[in-house]
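This report concerns only the one structure given below.
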Amino acid sequence: MAANTVSPTSCDASYPVRHHEFAIEQGLKREGYNVSSVNDWNGCVQAFVTVADGSSAMAFFDPLTLKPVGPSAANG
């Protein structure tokens with residue numbers, strides 16, 4: 001998965017990420033991401049993940065679908 005280094009787009013800002021961090025983290029883990037933490041980032045989920053080489057990366061996801069968002073989403 002590629003790290004997203006610019007602001008994400010296309011997130012549902014009405015979803016209360018701050019009240020669902022645990023469920024979102026578990027959902028991302030079910031999708032195969034090694035997640036260490038999640039935060040609200042302007043309506044998107046900002047996740048810190050460990051990638052295959054052991055390094056950490058930041059990625060953004062839509063809070064409802066848990067699909068990657070942002071310019072590098074197609075690369076991930």
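Ordering of the structure tokens sets the chain letters (A, B, ...); residue numbers start at 1 within each chain; ligands are numbered from 1 in the order shown.
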| said: Just want the 6 Å neighbourhood of range 56-63 of chain A, counted on only C-alpha atoms, with same-chain residues fewer than 3 positions away dropped. Output as a PyMOL selection string. | reply: chain A and resi 3-4+11+44-50+66-69
| request: Find the residues near Leu28 in chain A: any atom within 10 Å, counting only C-alpha atoms, skip ones fewer than 2 places away on the same chain, and give them as a list of chain:residue names. | output: A:Phe22, A:Ala23, A:Ile24, A:Glu25, A:Gln26, A:Arg30, A:Glu31, A:Gly32, A:Tyr33, A:Asn34, A:Val35, A:Val38, A:Ala47, A:Val49, A:Phe61, A:Thr65, A:Leu66, A:Lys67
I need the residues from that last selection saved to file as a PDB file, in the first residue's frame (with N, CA and C atoms), if you can.
```pdb
ATOM      1  N   PHE A  22     -12.620   2.358  17.127  1.00  0.00           N
ATOM      2  CA  PHE A  22     -12.356   0.930  17.304  1.00  0.00           C
ATOM      3  C   PHE A  22     -12.975   0.123  16.169  1.00  0.00           C
ATOM      4  N   ALA A  23     -14.224   0.403  15.831  1.00  0.00           N
ATOM      5  CA  ALA A  23     -14.899  -0.329  14.759  1.00  0.00           C
ATOM      6  C   ALA A  23     -14.212  -0.096  13.413  1.00  0.00           C
ATOM      7  N   ILE A  24     -13.790   1.129  13.161  1.00  0.00           N
ATOM      8  CA  ILE A  24     -13.099   1.440  11.910  1.00  0.00           C
ATOM      9  C   ILE A  24     -11.765   0.705  11.857  1.00  0.00           C
ATOM     10  N   GLU A  25     -11.025   0.743  12.954  1.00  0.00           N
ATOM     11  CA  GLU A  25      -9.737   0.047  13.010  1.00  0.00           C
ATOM     12  C   GLU A  25      -9.920  -1.451  12.760  1.00  0.00           C
ATOM     13  N   GLN A  26     -10.926  -2.041  13.370  1.00  0.00           N
ATOM     14  CA  GLN A  26     -11.189  -3.469  13.174  1.00  0.00           C
ATOM     15  C   GLN A  26     -11.595  -3.757  11.727  1.00  0.00           C
ATOM     16  N   ARG A  30      -9.738  -6.165   9.009  1.00  0.00           N
ATOM     17  CA  ARG A  30     -10.421  -7.219   8.230  1.00  0.00           C
ATOM     18  C   ARG A  30     -10.138  -7.078   6.742  1.00  0.00           C
ATOM     19  N   GLU A  31      -9.901  -5.840   6.301  1.00  0.00           N
ATOM     20  CA  GLU A  31      -9.578  -5.592   4.896  1.00  0.00           C
ATOM     21  C   GLU A  31      -8.112  -5.899   4.586  1.00  0.00           C
ATOM     22  N   GLY A  32      -7.338  -6.249   5.604  1.00  0.00           N
ATOM     23  CA  GLY A  32      -5.947  -6.642   5.384  1.00  0.00           C
ATOM     24  C   GLY A  32      -4.905  -5.602   5.735  1.00  0.00           C
ATOM     25  N   TYR A  33      -5.316  -4.493   6.314  1.00  0.00           N
ATOM     26  CA  TYR A  33      -4.368  -3.451   6.702  1.00  0.00           C
ATOM     27  C   TYR A  33      -3.866  -3.705   8.117  1.00  0.00           C
ATOM     28  N   ASN A  34      -2.565  -3.520   8.348  1.00  0.00           N
ATOM     29  CA  ASN A  34      -1.973  -3.640   9.675  1.00  0.00           C
ATOM     30  C   ASN A  34      -2.008  -2.253  10.313  1.00  0.00           C
ATOM     31  N   VAL A  35      -3.112  -1.946  10.979  1.00  0.00           N
ATOM     32  CA  VAL A  35      -3.399  -0.609  11.484  1.00  0.00           C
ATOM     33  C   VAL A  35      -2.919  -0.453  12.925  1.00  0.00           C
ATOM     34  N   VAL A  38      -6.164   5.093  14.216  1.00  0.00           N
ATOM     35  CA  VAL A  38      -6.988   5.847  13.265  1.00  0.00           C
ATOM     36  C   VAL A  38      -7.434   7.148  13.911  1.00  0.00           C
ATOM     37  N   ALA A  47      -5.337   6.782   8.813  1.00  0.00           N
ATOM     38  CA  ALA A  47      -4.854   5.568   9.466  1.00  0.00           C
ATOM     39  C   ALA A  47      -3.343   5.492   9.363  1.00  0.00           C
ATOM     40  N   VAL A  49      -0.469   2.812   9.352  1.00  0.00           N
ATOM     41  CA  VAL A  49      -0.375   1.381   9.089  1.00  0.00           C
ATOM     42  C   VAL A  49       1.089   0.959   8.964  1.00  0.00           C
ATOM     43  N   PHE A  61      -8.940   6.860   4.268  1.00  0.00           N
ATOM     44  CA  PHE A  61     -10.017   5.977   3.864  1.00  0.00           C
ATOM     45  C   PHE A  61     -11.349   6.684   4.050  1.00  0.00           C
ATOM     46  N   THR A  65     -17.155   3.299   3.658  1.00  0.00           N
ATOM     47  CA  THR A  65     -16.813   2.150   2.818  1.00  0.00           C
ATOM     48  C   THR A  65     -15.470   1.528   3.178  1.00  0.00           C
ATOM     49  N   LEU A  66     -14.638   2.278   3.893  1.00  0.00           N
ATOM     50  CA  LEU A  66     -13.264   1.894   4.234  1.00  0.00           C
ATOM     51  C   LEU A  66     -12.401   1.692   2.990  1.00  0.00           C
ATOM     52  N   LYS A  67     -12.792   2.314   1.897  1.00  0.00           N
ATOM     53  CA  LYS A  67     -11.999   2.277   0.670  1.00  0.00           C
ATOM     54  C   LYS A  67     -10.979   3.411   0.712  1.00  0.00           C
TER      55      LYS A  67
END
```
| message | Taking 2 positions as the minimum chain separation for residues in the same chain, which residues sit within 7 Å of Gly43 in chain A when counting only C-alpha atoms? Answer as a ChimeraX atom specification. | response | /A:11-15,40-41,45
